[in-house]
file my_file-v1.cif (mmCIF, C-alpha atoms and all ligand atoms)
data_final
#
loop_
_atom_site.label_atom_id
_atom_site.label_comp_id
_atom_site.auth_asym_id
_atom_site.auth_seq_id
_atom_site.Cartn_x
_atom_site.Cartn_y
_atom_site.Cartn_z
CA MET A 1 -16.68 -8.72 -7.96
CA THR A 2 -16.85 -11.35 -5.24
CA GLY A 3 -16.33 -14.89 -6.42
CA GLY A 4 -19.18 -16.49 -4.51
CA ARG A 5 -19.56 -16.57 -0.78
CA GLU A 6 -16.88 -18.58 0.95
CA THR A 7 -17.14 -20.51 4.17
CA MET A 8 -16.36 -18.29 7.10
CA THR A 9 -14.03 -19.25 9.87
CA ASP A 10 -15.20 -17.10 12.69
CA GLN A 11 -12.71 -17.65 15.43
CA THR A 12 -11.62 -15.47 18.28
CA VAL A 13 -7.89 -15.42 18.50
CA VAL A 14 -5.88 -16.03 21.63
CA THR A 15 -3.21 -13.38 21.75
CA SER A 16 -0.68 -14.86 24.14
CA ALA A 17 1.48 -16.76 21.66
CA SER A 18 5.21 -16.16 21.34
CA LEU A 19 6.42 -12.81 20.13
CA GLY A 20 8.89 -14.35 17.66
CA LEU A 21 9.30 -12.35 14.47
CA SER A 22 11.26 -13.35 11.42
CA ASP A 23 14.41 -11.35 10.85
CA ASP A 24 14.08 -10.59 7.17
CA ALA A 25 14.47 -6.88 7.81
CA ILE A 26 15.42 -4.77 4.85
CA SER A 27 18.01 -2.24 5.85
CA ALA A 28 16.83 1.22 4.91
CA SER A 29 20.05 3.02 4.20
CA VAL A 30 19.72 6.67 3.32
CA VAL A 31 22.29 8.26 1.07
CA PRO A 32 23.23 11.82 2.03
CA ILE A 33 21.68 14.06 -0.56
CA ASP A 34 24.81 16.08 -1.28
CA SER A 35 26.58 12.95 -2.49
CA LEU A 36 23.95 12.50 -5.18
CA VAL A 37 23.39 15.82 -6.81
CA HIS A 38 25.26 18.70 -8.23
CA PRO A 39 26.07 21.47 -5.75
CA HIS A 40 23.72 23.94 -7.42
CA VAL A 41 20.69 21.87 -6.51
CA VAL A 42 21.79 21.02 -2.99
CA ARG A 43 20.55 24.32 -1.65
CA ARG A 44 17.19 23.90 -3.34
CA LEU A 45 16.86 20.41 -1.90
CA ALA A 46 17.87 21.46 1.57
CA GLY A 47 14.42 23.05 1.85
CA LEU A 48 12.71 19.75 1.15
CA SER A 49 11.21 18.03 4.11
CA SER A 50 8.99 15.06 3.22
CA GLY A 51 9.12 16.42 -0.28
CA ARG A 52 7.84 19.92 0.26
CA ALA A 53 10.12 22.58 -1.14
CA THR A 54 10.08 25.81 0.76
CA SER A 55 10.95 28.02 -2.18
CA ALA A 56 8.34 30.68 -2.81
CA ALA A 57 8.30 29.78 -6.53
CA SER A 58 7.30 26.13 -5.92
CA SER A 59 3.94 24.73 -7.00
CA PRO A 60 2.40 21.47 -5.73
CA GLU A 61 3.18 19.81 -9.09
CA ALA A 62 6.79 20.96 -9.04
CA ASP A 63 7.11 19.76 -5.45
CA ALA A 64 5.70 16.36 -6.37
CA THR A 65 8.08 16.03 -9.32
CA MET A 66 11.03 17.02 -7.16
CA GLU A 67 9.97 14.54 -4.50
CA PHE A 68 9.87 11.76 -7.12
CA ALA A 69 13.25 12.88 -8.52
CA VAL A 70 14.88 12.84 -5.09
CA SER A 71 13.37 9.47 -4.23
CA VAL A 72 14.59 7.94 -7.52
CA ALA A 73 18.08 9.39 -7.05
CA ARG A 74 18.27 8.03 -3.52
CA GLY A 75 16.81 4.64 -4.32
CA LEU A 76 19.06 4.08 -7.31
CA SER A 77 22.08 4.92 -5.19
CA ASP A 78 21.04 2.35 -2.60
CA HIS A 79 22.44 -1.19 -2.49
CA PRO A 80 20.58 -3.11 -3.72
CA ARG A 81 18.96 -0.52 -5.95
CA ARG A 82 15.31 0.10 -5.22
CA LEU A 83 12.44 2.49 -5.83
CA GLU A 84 9.90 3.61 -3.26
CA SER A 85 6.77 1.64 -4.03
CA ARG A 86 4.38 4.55 -3.45
CA PHE A 87 5.50 6.01 -6.79
CA LEU A 88 3.95 3.01 -8.59
CA TYR A 89 0.55 4.60 -7.99
CA ASP A 90 0.19 7.58 -10.29
CA ALA A 91 -3.03 7.78 -12.37
CA GLN A 92 -1.80 5.13 -14.84
CA GLY A 93 -0.40 2.93 -12.09
CA SER A 94 -3.62 3.09 -10.08
CA ASP A 95 -5.59 2.02 -13.17
CA LEU A 96 -3.19 -0.84 -13.83
CA PHE A 97 -3.41 -1.95 -10.22
CA GLU A 98 -7.22 -2.08 -10.52
CA ARG A 99 -6.72 -4.41 -13.54
CA ILE A 100 -4.38 -6.62 -11.47
CA CYS A 101 -7.06 -6.89 -8.80
CA GLU A 102 -9.50 -8.28 -11.39
CA GLN A 103 -7.15 -10.99 -12.66
CA PRO A 104 -8.05 -14.61 -11.88
CA GLU A 105 -4.56 -15.29 -10.55
CA TYR A 106 -4.66 -12.39 -8.06
CA TYR A 107 -6.76 -14.08 -5.39
CA LEU A 108 -6.22 -11.46 -2.72
CA THR A 109 -8.78 -8.85 -3.81
CA ARG A 110 -11.73 -11.12 -4.50
CA THR A 111 -11.06 -13.29 -1.46
CA GLU A 112 -10.85 -10.26 0.81
CA ALA A 113 -14.03 -8.88 -0.77
CA SER A 114 -15.88 -12.12 -0.11
CA ILE A 115 -14.70 -12.11 3.51
CA LEU A 116 -15.82 -8.48 3.91
CA SER A 117 -19.17 -9.15 2.33
CA ALA A 118 -19.85 -12.03 4.70
CA ALA A 119 -18.45 -10.23 7.77
CA ALA A 120 -19.61 -6.62 7.19
CA SER A 121 -22.67 -6.60 9.39
CA ASP A 122 -20.86 -8.49 12.15
CA ILE A 123 -18.06 -5.90 12.01
CA ALA A 124 -20.57 -3.02 12.17
CA GLU A 125 -22.24 -4.64 15.17
CA LYS A 126 -18.93 -5.11 16.98
CA THR A 127 -17.58 -1.59 16.37
CA GLY A 128 -20.80 0.39 16.70
CA ASP A 129 -21.26 3.64 14.78
CA VAL A 130 -17.69 4.65 13.93
CA ALA A 131 -16.19 6.81 11.17
CA LEU A 132 -14.39 4.72 8.57
CA VAL A 133 -10.95 6.02 7.56
CA GLU A 134 -9.25 4.08 4.78
CA LEU A 135 -5.53 4.19 3.99
CA GLY A 136 -4.67 3.64 0.30
CA SER A 137 -8.34 3.44 -0.61
CA GLY A 138 -7.89 3.24 -4.41
CA SER A 139 -11.27 2.64 -6.04
CA SER A 140 -12.95 1.89 -2.65
CA ILE A 141 -14.88 -0.96 -4.32
CA LYS A 142 -14.40 -3.38 -1.43
CA THR A 143 -15.16 -0.69 1.11
CA ARG A 144 -18.65 -0.23 -0.31
CA LEU A 145 -19.52 -3.61 1.18
CA LEU A 146 -18.70 -2.23 4.60
CA LEU A 147 -20.31 1.15 4.00
CA ASP A 148 -23.56 -0.60 3.04
CA ALA A 149 -23.53 -2.50 6.31
CA TYR A 150 -22.94 0.69 8.35
CA VAL A 151 -25.68 2.54 6.47
CA GLU A 152 -28.07 -0.36 6.99
CA ARG A 153 -27.41 -0.53 10.71
CA PHE A 154 -26.98 3.16 11.58
CA GLY A 155 -28.83 4.96 8.77
CA SER A 156 -25.69 6.79 7.58
CA ALA A 157 -21.92 6.42 7.53
CA ARG A 158 -18.88 8.70 7.62
CA TYR A 159 -16.08 7.79 5.23
CA THR A 160 -12.62 9.35 4.84
CA PRO A 161 -10.57 7.66 2.11
CA VAL A 162 -6.88 8.56 1.89
CA ASP A 163 -4.93 8.06 -1.33
CA VAL A 164 -1.99 9.50 -3.22
CA SER A 165 -3.99 9.20 -6.44
CA SER A 166 -6.45 12.09 -6.86
CA SER A 167 -8.00 10.35 -9.88
CA ALA A 168 -8.77 7.25 -7.78
CA LEU A 169 -10.37 9.46 -5.11
CA SER A 170 -12.62 11.26 -7.54
CA VAL A 171 -13.78 8.00 -9.14
CA ALA A 172 -14.52 6.65 -5.64
CA GLU A 173 -16.45 9.78 -4.73
CA THR A 174 -18.64 9.58 -7.85
CA GLU A 175 -19.32 5.89 -7.36
CA ILE A 176 -20.15 6.21 -3.68
CA ALA A 177 -22.42 9.22 -4.26
CA ALA A 178 -24.30 7.16 -6.86
CA HIS A 179 -24.52 3.92 -4.87
CA CYS A 180 -24.61 4.98 -1.23
CA PRO A 181 -25.90 8.56 -0.94
CA GLN A 182 -26.17 8.22 2.84
CA VAL A 183 -22.38 8.22 3.08
CA ASP A 184 -20.74 11.45 4.22
CA PHE A 185 -17.62 11.40 2.01
CA ASP A 186 -14.59 13.50 2.99
CA SER A 187 -11.39 12.41 1.26
CA VAL A 188 -7.74 13.20 1.97
CA HIS A 189 -5.45 13.44 -1.03
CA GLY A 190 -2.09 12.57 0.43
CA THR A 191 0.01 10.03 2.25
CA TYR A 192 -0.74 8.24 5.50
CA ASP A 193 1.20 10.91 7.35
CA ASP A 194 -1.37 13.47 6.28
CA VAL A 195 -4.24 11.63 7.95
CA PHE A 196 -2.78 10.50 11.27
CA PRO A 197 -3.09 13.93 12.90
CA ARG A 198 -6.78 14.01 11.94
CA LEU A 199 -7.70 10.69 13.52
CA GLU A 200 -8.28 12.12 16.96
CA ALA A 201 -10.98 14.44 15.61
CA LEU A 202 -12.59 11.55 13.72
CA SER A 203 -12.76 9.25 16.76
CA PRO A 204 -14.71 7.05 17.41
CA CYS A 205 -13.30 5.58 14.25
CA MET A 206 -12.05 2.49 12.50
CA LEU A 207 -8.91 2.69 10.39
CA LEU A 208 -9.16 0.42 7.34
CA PHE A 209 -5.93 -0.99 5.98
CA LEU A 210 -6.87 -3.58 3.42
CA GLY A 211 -5.35 -5.41 0.47
CA SER A 212 -2.30 -6.56 2.50
CA THR A 213 -0.73 -3.18 1.82
CA VAL A 214 1.00 -3.52 5.19
CA GLY A 215 3.05 -6.24 3.47
CA ASN A 216 4.58 -3.61 1.21
CA LEU A 217 6.29 -1.97 4.19
CA ASP A 218 9.63 -3.33 5.37
CA HIS A 219 10.18 -4.20 9.03
CA VAL A 220 11.43 -0.78 10.03
CA GLU A 221 8.57 0.98 8.26
CA THR A 222 6.08 -1.50 9.71
CA ALA A 223 7.09 -0.82 13.29
CA ALA A 224 7.02 2.94 12.67
CA PHE A 225 3.60 2.60 11.06
CA TRP A 226 2.01 0.66 13.93
CA SER A 227 3.52 3.03 16.50
CA ARG A 228 1.83 5.91 14.75
CA VAL A 229 -1.47 4.04 14.55
CA ALA A 230 -1.25 3.26 18.26
CA THR A 231 -0.43 6.90 19.08
CA HIS A 232 -3.24 8.41 17.06
CA LEU A 233 -6.08 5.96 17.73
CA LYS A 234 -7.88 6.43 21.03
CA PRO A 235 -8.66 3.48 23.30
CA GLY A 236 -11.82 1.87 21.96
CA ASP A 237 -11.07 2.83 18.33
CA PHE A 238 -10.64 0.03 15.82
CA CYS A 239 -8.44 -0.98 12.92
CA LEU A 240 -9.55 -3.41 10.23
CA LEU A 241 -6.48 -5.04 8.71
CA GLY A 242 -6.54 -7.26 5.61
CA VAL A 243 -3.51 -9.49 5.10
CA ASP A 244 -2.34 -12.09 2.62
CA THR A 245 -1.66 -15.34 4.48
CA GLY A 246 -0.97 -17.36 1.33
CA GLU A 247 1.84 -19.89 1.43
CA ASP A 248 1.68 -21.83 -1.84
CA PRO A 249 4.68 -20.78 -3.98
CA ASP A 250 2.96 -21.62 -7.27
CA VAL A 251 -0.18 -19.69 -6.39
CA LEU A 252 1.90 -16.71 -5.26
CA HIS A 253 4.09 -16.81 -8.35
CA ALA A 254 1.02 -16.78 -10.59
CA ALA A 255 -0.59 -13.94 -8.60
CA TYR A 256 2.36 -11.62 -9.34
CA ASN A 257 2.90 -12.82 -12.92
CA ASP A 258 -0.63 -12.77 -14.36
CA ALA A 259 -0.98 -14.17 -17.86
CA ALA A 260 -2.60 -10.99 -19.20
CA GLY A 261 0.54 -9.04 -18.31
CA HIS A 262 -0.98 -6.41 -16.01
CA SER A 263 1.59 -7.05 -13.27
CA ALA A 264 4.36 -6.50 -15.80
CA ALA A 265 2.73 -3.31 -17.06
CA PHE A 266 2.35 -2.08 -13.47
CA THR A 267 6.04 -2.57 -12.68
CA CYS A 268 7.15 -1.01 -15.97
CA ASN A 269 4.89 1.99 -15.40
CA VAL A 270 7.16 3.40 -12.71
CA PHE A 271 9.99 3.56 -15.28
CA ALA A 272 7.64 5.04 -17.87
CA ARG A 273 6.71 7.60 -15.22
CA MET A 274 10.39 8.59 -15.01
CA ASN A 275 10.27 9.28 -18.75
CA ARG A 276 7.08 11.31 -18.36
CA GLU A 277 8.05 13.32 -15.30
CA LEU A 278 11.83 13.27 -15.02
CA GLY A 279 12.85 13.29 -18.70
CA SER A 280 14.65 9.97 -18.25
CA SER A 281 14.58 8.74 -21.91
CA LEU A 282 14.50 5.06 -20.93
CA ASP A 283 13.96 2.44 -23.61
CA MET A 284 10.89 0.69 -22.18
CA ASP A 285 11.31 -2.34 -24.48
CA ALA A 286 14.50 -3.13 -22.61
CA ILE A 287 12.94 -3.31 -19.12
CA ASP A 288 11.27 -6.49 -17.90
CA HIS A 289 9.08 -7.31 -14.91
CA VAL A 290 10.41 -10.00 -12.55
CA ALA A 291 8.41 -11.22 -9.55
CA ARG A 292 9.59 -14.12 -7.43
CA TYR A 293 8.39 -15.65 -4.20
CA VAL A 294 11.15 -16.22 -1.65
CA PRO A 295 9.73 -18.85 0.72
CA HIS A 296 12.26 -18.50 3.55
CA LEU A 297 11.55 -14.75 3.73
CA ARG A 298 7.82 -15.27 3.11
CA ARG A 299 7.71 -12.48 0.62
CA VAL A 300 7.31 -11.73 -3.07
CA GLU A 301 10.04 -9.50 -4.49
CA ILE A 302 9.22 -7.46 -7.57
CA PHE A 303 11.84 -5.90 -9.84
CA GLY A 304 12.38 -4.10 -13.09
CA ARG A 305 15.20 -5.94 -14.88
CA PHE A 306 17.32 -4.03 -17.37
CA LEU A 307 17.94 -5.97 -20.59
CA LYS A 308 20.68 -3.57 -21.73
CA ASP A 309 22.86 -0.81 -20.26
CA GLN A 310 20.86 2.39 -19.89
CA ASP A 311 21.49 5.87 -18.53
CA ILE A 312 18.69 7.21 -16.36
CA GLU A 313 18.50 10.97 -16.58
CA ILE A 314 16.93 12.75 -13.66
CA GLU A 315 16.47 16.15 -15.26
CA PRO A 316 15.15 18.09 -12.25
CA LEU A 317 18.40 17.25 -10.44
CA GLY A 318 20.71 17.54 -13.46
CA HIS A 319 21.88 14.05 -12.60
CA THR A 320 22.34 10.83 -14.59
CA LEU A 321 22.76 7.30 -13.26
CA ARG A 322 23.91 4.29 -15.23
CA VAL A 323 22.14 0.95 -14.88
CA SER A 324 23.88 -2.07 -16.37
CA ARG A 325 22.43 -4.89 -18.41
CA GLY A 326 21.07 -7.60 -16.11
CA GLU A 327 20.61 -5.29 -13.12
CA MET A 328 17.41 -5.65 -11.15
CA ILE A 329 15.81 -2.66 -9.48
CA LEU A 330 13.48 -3.54 -6.64
CA THR A 331 10.09 -1.84 -7.06
CA GLU A 332 8.04 -3.57 -4.37
CA VAL A 333 8.24 -6.21 -1.67
CA SER A 334 5.03 -7.97 -0.69
CA ARG A 335 5.34 -9.82 2.59
CA LYS A 336 2.99 -12.65 3.49
CA PHE A 337 1.85 -13.23 7.05
CA ARG A 338 1.32 -15.91 9.66
CA LEU A 339 -1.41 -15.06 12.17
CA ARG A 340 0.45 -16.75 15.00
CA GLN A 341 3.23 -14.18 14.56
CA LEU A 342 1.21 -11.19 13.44
CA VAL A 343 -1.39 -11.19 16.22
CA PRO A 344 1.09 -11.10 19.14
CA TYR A 345 3.22 -8.55 17.26
CA LEU A 346 0.23 -6.20 16.96
CA CYS A 347 -0.50 -6.73 20.63
CA THR A 348 2.83 -5.11 21.46
CA PHE A 349 1.38 -1.89 20.00
CA GLY A 350 -1.77 -2.12 22.10
CA LEU A 351 -3.78 -3.45 19.16
CA VAL A 352 -5.71 -6.52 20.22
CA ALA A 353 -7.35 -8.87 17.72
CA ARG A 354 -11.02 -8.96 18.70
CA HIS A 355 -11.90 -11.13 15.76
CA VAL A 356 -10.27 -12.79 12.77
CA TYR A 357 -12.25 -13.53 9.64
CA ALA A 358 -10.70 -15.83 7.04
CA ASP A 359 -11.57 -17.74 3.89
CA ARG A 360 -11.82 -21.49 3.78
CA ASP A 361 -8.41 -21.89 2.13
CA ARG A 362 -6.79 -19.60 4.71
CA ARG A 363 -5.18 -17.45 2.06
CA VAL A 364 -6.48 -14.15 3.37
CA ALA A 365 -7.34 -12.89 6.83
CA VAL A 366 -9.21 -9.78 7.95
CA LEU A 367 -8.40 -8.81 11.54
CA LEU A 368 -10.64 -6.60 13.61
CA LEU A 369 -8.20 -4.92 16.00
CA GLU A 370 -9.15 -2.77 18.95
CA ARG A 371 -6.89 -0.09 20.43
CA THR A 372 -6.82 -0.92 24.12
N1 LIG B 401 0.00 -4.23 -2.88
C1 LIG B 401 0.09 -5.22 -3.91
C2 LIG B 401 0.54 -6.53 -3.29
O1 LIG B 401 1.45 -6.55 -2.52
C3 LIG B 401 1.04 -4.77 -4.98
C4 LIG B 401 1.13 -5.62 -6.19
C5 LIG B 401 0.28 -6.57 -6.60
C6 LIG B 401 2.15 -5.56 -7.19
N2 LIG B 401 0.69 -7.12 -7.78
C7 LIG B 401 1.82 -6.52 -8.16
C8 LIG B 401 3.28 -4.80 -7.34
C9 LIG B 401 2.61 -6.71 -9.30
C10 LIG B 401 4.06 -4.96 -8.48
C11 LIG B 401 3.70 -5.92 -9.44
O2 LIG B 401 -0.03 -7.56 -3.57
#

call {"tool": "encode", "arguments": {"input": "my_file-v1.cif", "output": "structure tokens"}}
result
Amino acid sequence: MTGGRETMTDQTVVTSASLGLSDDAISASVVPIDSLVHPHVVRRLAGLSSGRATSAASSPEADATMEFAVSVARGLSDHPRRLESRFLYDAQGSDLFERICEQPEYYLTRTEASILSAAASDIAEKTGDVALVELGSGSSIKTRLLLDAYVERFGSARYTPVDVSSSALSVAETEIAAHCPQVDFDSVHGTYDDVFPRLEALSPCMLLFLGSTVGNLDHVETAAFWSRVATHLKPGDFCLLGVDTGEDPDVLHAAYNDAAGHSAAFTCNVFARMNRELGSSLDMDAIDHVARYVPHLRRVEIFGRFLKDQDIEIEPLGHTLRVSRGEMILTEVSRKFRLRQLVPYLCTFGLVARHVYADRDRRVAVLLLERT
């Protein structure tokens, strides 16, 4: 899947630059739950903490549906309206995202893969024999490049992928068993929060956070995320971070509006998921994908745009919300990065860039960070 080996820029980064960060923070307002739902469900919801209902009758599926319902109700009551991007990745969404990654316009995946393929053995040499723990692993295709390098150097490798999609994890497990049998595979089906407490036991380890997924977190979430990483990694552990450093508006616009329409299908899938899981009865022909690059915020904003008035039923909550024609519901933000800001920012969390690998066009960077 790599598009030919690209010239490596193998530079050690000086980490003393200014700490200036852009101020495009997204405010994360939380609507009190009792303002959203009928009184009879308030009590049921009061038992939900990070989505887990405490009722004896609850099943994991019912909990997951309720978590989605609550998130949709909250997000659609926010201003501007938005949906939590993690719900894009159900089984269908994960498949569609794999298609996006194969599109010619979506340079991020293949560029990052070519960087990893060229840098893998150097990374293994620098970290030594560490367990690899991957957040949002998806198909783990890129990670195999790294696993091969660890197996080659150390004879075996330990790999813990973490993903909210159980289907993606089982595909990854089958593929890795077939291609790299020397890998000890132990997956975590869940969110990042589920894996942080396990990191200490996995140390010495390297946390993999690839695909510029960090760009999908807003500023508040980003700071919380890096604090947790810093807390749970031990000094001497590593983090391998892949980020999109692209700047060209036309290239970015094309990457999020691929001609084959997979980006559009991916965005629309979260609304189709509401129909499947929440009984929302949305007319899918009247929802469009919009993705636009906003240069002064250095981010792509992705929306579902409603082409007519529609009522969104959220059956598990007995609640209906009206969305008007022309309204745009934010489904994802994808921030782009400048190394001269990112590297000193990470330093404030005790994560020092030991090495930065980049492609010739400087569209993607892979940072080898060490917890100091
Ligand atoms: N994590 C991906 C990114 O930020 C998400 C993504 C890629 C995406 N293409 C998309 C989300 C199209 C919605 C629509 O690049």

call {"tool": "closest_residue", "arguments": {"input": "my_file-v1.cif", "among": "A:Tyr256, A:Phe337, A:Tyr357, A:Phe209", "to": "Phe238 in chain A", "atoms": "only C-alpha atoms"}}
result
A:Phe209

call {"tool": "residues_around", "arguments": {"input": "my_file-v1.cif", "residues": "Val72 in chain A", "least_positions_apart": "6", "cutoff": "12 Å", "atoms": "all atoms listed in the file", "output": "PyMOL selection string"}}
result
chain A and resi 31+33+36-37+65-66+78+81-88+270-271+273-274+277-278+280+312-317+319-321+329-331

call {"tool": "write_last_selection", "arguments": {"input": "my_file-v1.cif", "atoms": "C-alpha atoms", "output": "tab-separated table (two decimals), in the coordinates of the input"}}
result
chain	number	residue	atom	x	y	z
A	31	VAL	CA	22.29	8.26	1.07
A	33	ILE	CA	21.68	14.06	-0.56
A	36	LEU	CA	23.95	12.50	-5.18
A	37	VAL	CA	23.39	15.82	-6.81
A	65	THR	CA	8.08	16.03	-9.32
A	66	MET	CA	11.03	17.02	-7.16
A	78	ASP	CA	21.04	2.35	-2.60
A	81	ARG	CA	18.96	-0.52	-5.95
A	82	ARG	CA	15.31	0.10	-5.22
A	83	LEU	CA	12.44	2.49	-5.83
A	84	GLU	CA	9.90	3.61	-3.26
A	85	SER	CA	6.77	1.64	-4.03
A	86	ARG	CA	4.38	4.55	-3.45
A	87	PHE	CA	5.50	6.01	-6.79
A	88	LEU	CA	3.95	3.01	-8.59
A	270	VAL	CA	7.16	3.40	-12.71
A	271	PHE	CA	9.99	3.56	-15.28
A	273	ARG	CA	6.71	7.60	-15.22
A	274	MET	CA	10.39	8.59	-15.01
A	277	GLU	CA	8.05	13.32	-15.30
A	278	LEU	CA	11.83	13.27	-15.02
A	280	SER	CA	14.65	9.97	-18.25
A	312	ILE	CA	18.69	7.21	-16.36
A	313	GLU	CA	18.50	10.97	-16.58
A	314	ILE	CA	16.93	12.75	-13.66
A	315	GLU	CA	16.47	16.15	-15.26
A	316	PRO	CA	15.15	18.09	-12.25
A	317	LEU	CA	18.40	17.25	-10.44
A	319	HIS	CA	21.88	14.05	-12.60
A	320	THR	CA	22.34	10.83	-14.59
A	321	LEU	CA	22.76	7.30	-13.26
A	329	ILE	CA	15.81	-2.66	-9.48
A	330	LEU	CA	13.48	-3.54	-6.64
A	331	THR	CA	10.09	-1.84	-7.06

call {"tool": "closest_residue", "arguments": {"input": "my_file-v1.cif", "among": "A:Leu342, A:Leu217, A:Ile100, A:Leu116", "to": "ligand LIG 401 (chain B)", "atoms": "all atoms listed in the file"}}
result
A:Ile100

call {"tool": "atom_distance", "arguments": {"input": "my_file-v1.cif", "atom1": "CA of Val164 in chain A", "atom2": "CA of Ala62 in chain A"}}
result
15.6 Å

call {"tool": "closest_residue", "arguments": {"input": "my_file-v1.cif", "among": "A:Ala73, A:Cys347, A:Leu108, A:Ala120", "to": "ligand LIG 401 (chain B)", "atoms": "only C-alpha atoms and all ligand atoms"}}
result
A:Leu108

call {"tool": "closest_residue", "arguments": {"input": "my_file-v1.cif", "among": "A:Leu145, A:Met328, A:Val214, A:Ala201", "to": "ligand LIG 401 (chain B)", "atoms": "all atoms listed in the file"}}
result
A:Val214

call {"tool": "closest_atom_pairs", "arguments": {"input": "my_file-v1.cif", "of": "chain A", "to": "ligand LIG 401 (chain B)", "cutoff": "9 Å", "atoms": "all atoms listed in the file", "output": "tab-separated table"}}
result
residue	atom	partner	partner_atom	distance
A:Ser85	CA	B:LIG401	C8	8.0
A:Leu88	CA	B:LIG401	C8	7.9
A:Phe97	CA	B:LIG401	C5	6.9
A:Ile100	CA	B:LIG401	N2	6.3
A:Cys101	CA	B:LIG401	C5	7.7
A:Tyr106	CA	B:LIG401	N2	7.5
A:Leu108	CA	B:LIG401	O2	7.4
A:Thr109	CA	B:LIG401	O2	8.8
A:Gly211	CA	B:LIG401	N1	6.4
A:Ser212	CA	B:LIG401	O1	6.3
A:Thr213	CA	B:LIG401	N1	4.9
A:Val214	CA	B:LIG401	N1	8.2
A:Gly215	CA	B:LIG401	O1	6.2
A:Asn216	CA	B:LIG401	O1	5.7
A:Asp244	CA	B:LIG401	O2	8.0
A:Ala255	CA	B:LIG401	N2	7.0
A:Tyr256	CA	B:LIG401	C9	4.9
A:Asn257	CA	B:LIG401	C9	7.1
A:Asp258	CA	B:LIG401	C9	8.5
A:His262	CA	B:LIG401	C9	7.6
A:Ser263	CA	B:LIG401	C9	4.1
A:Ala264	CA	B:LIG401	C11	6.4
A:Ala265	CA	B:LIG401	C11	8.1
A:Phe266	CA	B:LIG401	C11	5.7
A:Thr267	CA	B:LIG401	C11	5.2
A:Cys268	CA	B:LIG401	C11	8.9
A:His289	CA	B:LIG401	C11	7.8
A:Val290	CA	B:LIG401	C11	8.4
A:Ala291	CA	B:LIG401	C11	7.1
A:Val300	CA	B:LIG401	O1	7.8
A:Glu301	CA	B:LIG401	C10	8.5
A:Ile302	CA	B:LIG401	C10	5.8
A:Phe303	CA	B:LIG401	C10	8.0
A:Thr331	CA	B:LIG401	C10	6.9
A:Glu332	CA	B:LIG401	C8	5.7
A:Val333	CA	B:LIG401	O1	6.9
A:Ser334	CA	B:LIG401	O1	4.3
A:Arg335	CA	B:LIG401	O1	7.2
A:Lys336	CA	B:LIG401	O1	8.7

call {"tool": "residues_near_point", "arguments": {"input": "my_file-v1.cif", "point": "(-26.5, -3.3, 6.7)", "cutoff": "12 Å", "atoms": "all atoms listed in the file", "output": "PyMOL selection string"}}
result
chain A and resi 117-125+129+144-157+180

call {"tool": "residues_around", "arguments": {"input": "my_file-v1.cif", "residues": "Pro295 in chain A", "least_positions_apart": "4", "cutoff": "9 Å", "atoms": "all atoms listed in the file", "output": "mmCIF file with C-alpha atoms, in the coordinates of the input"}}
result
data_model
loop_
_atom_site.group_PDB
_atom_site.id
_atom_site.type_symbol
_atom_site.label_atom_id
_atom_site.label_comp_id
_atom_site.auth_asym_id
_atom_site.auth_seq_id
_atom_site.Cartn_x
_atom_site.Cartn_y
_atom_site.Cartn_z
ATOM 1 C CA GLU A 247 1.840 -19.890 1.430
ATOM 2 C CA ASP A 248 1.680 -21.830 -1.840
ATOM 3 C CA PRO A 249 4.680 -20.780 -3.980
ATOM 4 C CA ARG A 299 7.710 -12.480 0.620
ATOM 5 C CA VAL A 300 7.310 -11.730 -3.070
#

call {"tool": "closest_residue", "arguments": {"input": "my_file-v1.cif", "among": "A:Ser203, A:Pro80, A:Ile176, A:Phe306", "to": "Asp283 in chain A", "atoms": "only C-alpha atoms"}}
result
A:Phe306

call {"tool": "residues_around", "arguments": {"input": "my_file-v1.cif", "residues": "Ala223 in chain A", "least_positions_apart": "2", "cutoff": "12 Å", "atoms": "all atoms listed in the file", "output": "ChimeraX atom specification"}}
result
/A:21,25,214-215,217-221,225-230,342,345-346,348-349

call {"tool": "closest_residue", "arguments": {"input": "my_file-v1.cif", "among": "A:Val343, A:Leu252, A:Leu307, A:Ala91", "to": "Val356 in chain A", "atoms": "only C-alpha atoms"}}
result
A:Val343

call {"tool": "residues_near_point", "arguments": {"input": "my_file-v1.cif", "point": "(22.5, -5.5, -19.2)", "cutoff": "7 Å", "atoms": "all atoms listed in the file", "output": "count of residues only"}}
result
8

call {"tool": "atom_distance", "arguments": {"input": "my_file-v1.cif", "atom1": "CA of Ser94 in chain A", "atom2": "CA of Ser166 in chain A"}}
result
10.0 Å

call {"tool": "atom_distance", "arguments": {"input": "my_file-v1.cif", "atom1": "CA of Thr160 in chain A", "atom2": "CA of Glu134 in chain A"}}
result
6.3 Å

call {"tool": "residues_around", "arguments": {"input": "my_file-v1.cif", "residues": "Thr231 in chain A", "least_positions_apart": "5", "cutoff": "12 Å", "atoms": "all atoms listed in the file", "output": "count of residues only"}}
result
14
